[in-house]
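A short write-up of the structure that comes next.
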2 protein chains.
Amino acid sequence: MISQKAKYALRAIMALAGTKEPVLIGDIAEQENIPKRFLEQILLDLKHQGLVMSRRGRIGGYFLVRPPEDITIGEVLRTIDGPLAPLPCLSKMAYRACDDCDDEATCRVKALFADVAEATRRALDQTTFADAIAKKHPLVRARR
Amino acid sequence: MISQKAKYALRAIMALAGTKEPVLIGDIAEQENIPKRFLEQILLDLKHQGLVMSRRGRIGGYFLVRPPEDITIGEVLRTIDGPLAPLPCLSKMAYRACDDCDDEATCRVKALFADVAEATRRALDQTTFADAIAKKHPLVRARR
DNA sequence: ACCATCTCGACCGATTTTGTCAAGTTATAT
DNA sequence: ATATAACTTGACAAAATCGGTCGAGATGGT
Ligand code: FES
Ligand code: FES
């Protein structure tokens, strides 16, 4: 299960996917039904990760750095929920030794999950936001 | 990331995979380095799920109901950690509506995760304990 | 200069995780 | 029958995580 925070992040990016213009945090929050102050945190995390950029001041707001077809679910989930591997010792991006396993080389749990980890990693890093948008009809843009 | 509890459960099943004889909780706990009282809970959950059986009394202990090659990671993870789908609305075994999504049919988040959920589900439900045991043994010094 | 807007860090209640413990119940050997 | 080894159940609790709020500050357009 992904966290609610991650779900908000994904929706926020969807909201940015339609335009090149900066979008206000408040507008995203209202449109996607996300608590505004919480969304601020989330967008800030995404910015620190380099997924989005922001402009301050009068005509400020957030916008995507890359086009939606170049952004994967994996990137967003890693940023918000942390490593997505089932075990720390199987994470390619954020490897950590399992502190309760003596010998990683012969660990049966690690062996058990090797293929699973690879499969989910591939799935998450290959699915982009363009996939979702193409699959569903685009949302109606009633705002001005 | 799977929970520590799930990891314990997997190791416990590995410990049972080698024999048809009942194994004591205490023996599993010592061999796999699991807090005994905690392991009791875990094995009880697995028993309620029908994955293992127990015999009481003098020569008691736990043993597998089915052979290791018929037990998948998915079953164990579902029992201990709950639904393994990334979203409640995508769980085949434990469907739940997403309370923060108005229209599930046009939900872009759900669409985004459809393929990912299917891929991970397949991986988890196809990998059995026999896979890990078979894969692990060749790691011993036989190869050079 | 003004003000809308983003930025940063601290804080907070509820829930989940990771266990512990006490008091049973049951089956087996002798 | 009795002792005993083992499983069973439910309550309890410290620590971490989750979901969210808040105040104060920094920044840029007009
Ligand atoms: S080393 Fe990571 S699970 Fe054993
Ligand atoms: S309906 Fe499940 S994520 Fe929208």
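By convention in this document, the chains of the structure tokens carry letters A, B, ... by their order, each chain's residues are numbered from 1, and ligands are numbered from 1 in the order they are shown.
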- Message: Can you work out which residues are within 8 Å of ligand 2, considering only C-alpha atoms (C1' of nucleotides) and all ligand atoms, and then hand them over as a ChimeraX atom specification?
- Response: /A:7 /B:87-90,97-110
- Could you pull out the residues in chain B that DSSP calls helix (DSSP H, G or I) from the backbone, as a VMD selection string? chain B and resid 4 to 16 25 to 32 36 to 48 68 to 70 73 to 81 88 to 90 104 to 106 108 to 126 129 to 139
- Item | Within 10 Å of Leu46 (chain A) using only C-alpha atoms (C1' of nucleotides), minus same-chain residues under 4 positions, as a PyMOL selection string | chain A and resi 9+13+40-42+50-53+64+75-76+79-80
For the residues selected in the previous step, produce a file with C-alpha atoms as a short mmCIF file (atom, residue, chain, number, x, y, z; two decimals), in the first residue's frame.
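To be explicit, this is the file written out as selection_27.cif:
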data_model
loop_
_atom_site.label_atom_id
_atom_site.label_comp_id
_atom_site.auth_asym_id
_atom_site.auth_seq_id
_atom_site.Cartn_x
_atom_site.Cartn_y
_atom_site.Cartn_z
CA ALA A 9 2.07 13.65 -4.79
CA ILE A 13 1.96 15.87 -10.66
CA GLU A 40 3.26 22.44 0.44
CA GLN A 41 5.50 19.89 2.15
CA ILE A 42 4.96 17.38 -0.60
CA GLY A 50 14.39 17.81 -8.88
CA LEU A 51 11.08 16.62 -10.24
CA VAL A 52 9.35 19.98 -10.20
CA MET A 53 10.39 23.61 -10.12
CA LEU A 64 7.09 20.18 -14.09
CA GLU A 75 10.72 8.31 -8.92
CA VAL A 76 7.77 9.83 -7.11
CA THR A 79 10.90 10.50 -3.09
CA ILE A 80 7.83 10.37 -0.87
#
- Message: Residues of chain B within 6 Å of chain C, counting only C-alpha atoms (C1' of nucleotides), what are they? List them as a VMD selection string.
- Response: chain B and resid 56 to 58
- Message: I need the chain D residues near chain A as a ChimeraX atom specification; criterion: at most 7 Å, counting only C-alpha atoms (C1' of nucleotides).
- Response: /D:20,27-29
- Can you tell me, as an NGL selection string, what residues are no more than 12 Å from Asp115 (chain A) when counting only C-alpha atoms (C1' of nucleotides), ignoring any on the same chain fewer than 6 positions away? (:A and (85-86 or 90 or 109 or 121-122)) or (:B and (73 or 119-120 or 122-128 or 131-132 or 135))
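Between chain A and its sequence-identical counterpart chain B, the C-alpha RMSD after optimal superposition is 4.0 Å.
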- Message: Using Å and a single decimal, report how far CA of Phe63 (chain B) sits from CA of Ile25 (chain B).
- Response: 10.3 Å
- Item | DSSP-assigned strand (DSSP E or B) members of region 17-141 of chain A, reported as a PyMOL selection string | chain A and resi 23+52-55+61-64+72+128
How would the residues just chosen look if you wrote them out with N, CA, C and O atoms as a short mmCIF file (atom, residue, chain, number, x, y, z; two decimals), in the first residue's frame?
data_model
loop_
_atom_site.label_atom_id
_atom_site.label_comp_id
_atom_site.auth_asym_id
_atom_site.auth_seq_id
_atom_site.Cartn_x
_atom_site.Cartn_y
_atom_site.Cartn_z
N VAL A 23 1.48 26.62 -11.63
CA VAL A 23 0.17 26.47 -11.01
C VAL A 23 0.32 26.72 -9.51
O VAL A 23 1.26 26.23 -8.88
N VAL A 52 10.11 18.79 -9.83
CA VAL A 52 9.35 19.98 -10.20
C VAL A 52 10.18 21.22 -9.89
O VAL A 52 11.17 21.15 -9.15
N MET A 53 9.77 22.34 -10.45
CA MET A 53 10.39 23.61 -10.12
C MET A 53 9.30 24.56 -9.64
O MET A 53 8.11 24.32 -9.85
N SER A 54 9.74 25.65 -9.01
CA SER A 54 8.74 26.60 -8.53
C SER A 54 9.19 28.02 -8.86
O SER A 54 10.38 28.28 -9.04
N ARG A 55 8.24 28.90 -8.93
CA ARG A 55 8.55 30.31 -9.05
C ARG A 55 7.82 31.04 -7.94
O ARG A 55 6.66 30.77 -7.67
N GLY A 61 4.14 29.74 -8.51
CA GLY A 61 3.50 28.44 -8.65
C GLY A 61 4.50 27.35 -8.96
O GLY A 61 5.71 27.57 -8.98
N TYR A 62 3.98 26.16 -9.17
CA TYR A 62 4.81 24.99 -9.45
C TYR A 62 4.61 24.53 -10.88
O TYR A 62 3.51 24.68 -11.44
N PHE A 63 5.64 23.96 -11.44
CA PHE A 63 5.51 23.36 -12.78
C PHE A 63 6.51 22.22 -12.92
O PHE A 63 7.50 22.14 -12.19
N LEU A 64 6.24 21.35 -13.88
CA LEU A 64 7.09 20.18 -14.09
C LEU A 64 8.40 20.56 -14.75
O LEU A 64 8.45 21.47 -15.58
N THR A 72 8.46 8.77 -14.00
CA THR A 72 7.96 7.44 -13.66
C THR A 72 7.35 7.44 -12.26
O THR A 72 7.66 8.29 -11.43
N THR A 128 5.08 5.49 -16.82
CA THR A 128 5.17 6.95 -16.73
C THR A 128 3.78 7.56 -16.63
O THR A 128 2.78 6.87 -16.82
#
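Using only C-alpha atoms and all ligand atoms, the nearest neighbour of ligand 1 within the list B:Glu32, B:Glu21, B:Glu118, B:Asp45 is B:Glu32.
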- Mind pulling up the distance from CA of Ala130 (chain A) to CA of Phe113 (chain B)? 12.3 Å
